[in-house]
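Working notes, structure below.
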Amino acid sequence: MARNLMVFTFAEAAKAGPYDERPMLPDSLDLQIHLSKNAVPQPFHLICQHDTVLFALSGSGQVEYKDASVRRHSYTVGDHLYVPAGVPHRIVPTSETIQYRYKLPESELEAVAWYCESCGHELYREVWELKQELAQEAYSRIARAFSADPQRRTCVRCGSVHAEIDLGPFRWEDVARLLKEENTRERAKASA
């Protein structure tokens, strides 16, 4: 999983999973691209500290927004979608999508949130520091806790209960382990 200045996207995408958000370029660059291959709806709304851009390399679908002037935006191959800082958004593919997310490396915070499917009220939100926890670790930890807690999944406004999340398709723990191993190798090289 070594990161280089040149990426063979479709070869790497063959190894990717839903919402892996795997960084592809060396950390020394000013902008990082994160690769995912998505065939299922994102199980939460992601909230990024800085503006991000989604780039669809294959497939089609929609991005749903909360707390924004736009409610949803369709995408297809070649589309770039701008996501303003702080806007909760969720990807809902209609066909398998290979995508890049462009993120600034100085991002310190990220969050995930769930919303009631009946009335749209926010059910639960959690923020974490990216220097303390990899995004993939946080996705796994928070999604598992949300899914396991009926109180978090119950809307205080209308009483609807959000379904438990099928975490089977997501490889966040594996991606986090690989990223940590890569970081350990990079630190060992730098100190040698």
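Letters for chains follow the order of the structure tokens (A, B, ...), residue numbers begin at 1 for each chain, and ligand numbers begin at 1 in the order shown.
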
Point to revise | Residues within 7 Å of Ser95 in chain A, only C-alpha atoms, excluding chain neighbours under 2 positions, as a PyMOL selection string | key: chain A and resi 39+59-61+93+97

Review point. Quick one: residues within 7 Å of Lys66 in chain A, only C-alpha atoms counted, chain neighbours fewer than 2 positions away excluded, as a list in words?
Key: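 These residues fall inside the cut-off: Glu64, Ala68, Arg71, Val87, Pro88 and His89 of chain A.
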
Export N, CA and C atoms of the chosen residues as a tab-separated table (two decimals), in the first residue's frame?
chain	number	residue	atom	x	y	z
A	64	GLU	N	-26.31	13.41	-1.01
A	64	GLU	CA	-27.36	14.07	-0.23
A	64	GLU	C	-26.70	15.01	0.77
A	68	ALA	N	-27.81	22.63	4.12
A	68	ALA	CA	-27.22	23.32	2.97
A	68	ALA	C	-28.34	23.82	2.06
A	71	ARG	N	-30.19	20.18	-1.56
A	71	ARG	CA	-30.55	18.96	-0.84
A	71	ARG	C	-29.86	17.72	-1.38
A	87	VAL	N	-20.54	20.88	6.01
A	87	VAL	CA	-21.84	20.42	5.51
A	87	VAL	C	-21.93	18.89	5.59
A	88	PRO	N	-22.91	18.38	6.34
A	88	PRO	CA	-23.11	16.93	6.38
A	88	PRO	C	-23.55	16.45	4.99
A	89	HIS	N	-22.91	15.38	4.51
A	89	HIS	CA	-23.23	14.85	3.18
A	89	HIS	C	-23.06	13.34	3.18

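With only C-alpha atoms as the atoms that count, the residue of A:Ala13, A:Gln132, A:Asp67, A:Phe44 with the shortest distance to Glu164 in chain A is A:Phe44.
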
Point to revise | Long-range neighbours of range 148-163 of chain A as a list in words, 10 Å cut-off, only C-alpha atoms, 3 positions minimum in chain | key: Trp114, Tyr115, Cys116, Glu117, Ser118, Cys119, Gly120, His121, Glu122, Leu123, Tyr124, Arg125, Ile142, Ala143, Arg144, Ala145 and Asp166 of chain A

How would the residues just chosen look if you wrote them out with C-alpha atoms as an mmCIF file, in the first residue's frame?
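The new file selection.cif reads:
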data_model
loop_
_atom_site.group_PDB
_atom_site.id
_atom_site.type_symbol
_atom_site.label_atom_id
_atom_site.label_comp_id
_atom_site.auth_asym_id
_atom_site.auth_seq_id
_atom_site.Cartn_x
_atom_site.Cartn_y
_atom_site.Cartn_z
ATOM 1 C CA TRP A 114 -27.204 10.281 11.296
ATOM 2 C CA TYR A 115 -30.593 11.780 10.511
ATOM 3 C CA CYS A 116 -34.119 10.476 10.954
ATOM 4 C CA GLU A 117 -35.408 9.043 7.685
ATOM 5 C CA SER A 118 -38.977 10.038 8.622
ATOM 6 C CA CYS A 119 -38.637 13.674 9.714
ATOM 7 C CA GLY A 120 -34.995 14.625 8.959
ATOM 8 C CA HIS A 121 -34.100 15.473 12.572
ATOM 9 C CA GLU A 122 -30.476 14.813 13.572
ATOM 10 C CA LEU A 123 -30.264 11.589 15.595
ATOM 11 C CA TYR A 124 -26.606 11.515 16.581
ATOM 12 C CA ARG A 125 -23.309 13.240 15.748
ATOM 13 C CA ILE A 142 -18.791 5.251 15.884
ATOM 14 C CA ALA A 143 -20.902 3.254 13.395
ATOM 15 C CA ARG A 144 -20.712 0.161 15.629
ATOM 16 C CA ALA A 145 -21.709 2.140 18.723
ATOM 17 C CA ASP A 166 -25.031 -3.687 8.164
#

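Residue nearest Gly78 in chain A, chosen from A:Ser36, A:Gln49, A:Ser58, A:Thr94 and counting only C-alpha atoms: A:Ser58.
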
Practice item. Could you pull out the residues in chain A that DSSP calls strand (DSSP E or B) from the backbone, as a PyMOL selection string? Key: chain A and resi 22-23+32-38+45-48+52-58+61-65+72-75+80-83+89-93+97-103+109-115+122-129+154+161

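Candidate residues A:Met24, A:Leu81, A:Leu179, A:Cys48 were compared for distance to Ala111 in chain A, and the nearest is A:Cys48, using only C-alpha atoms.
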
Exercise for review: Work out how far apart CA of His50 in chain A and CA of Trp128 in chain A are and give it in Å to one decimal.
Suggested key: 14.2 Å
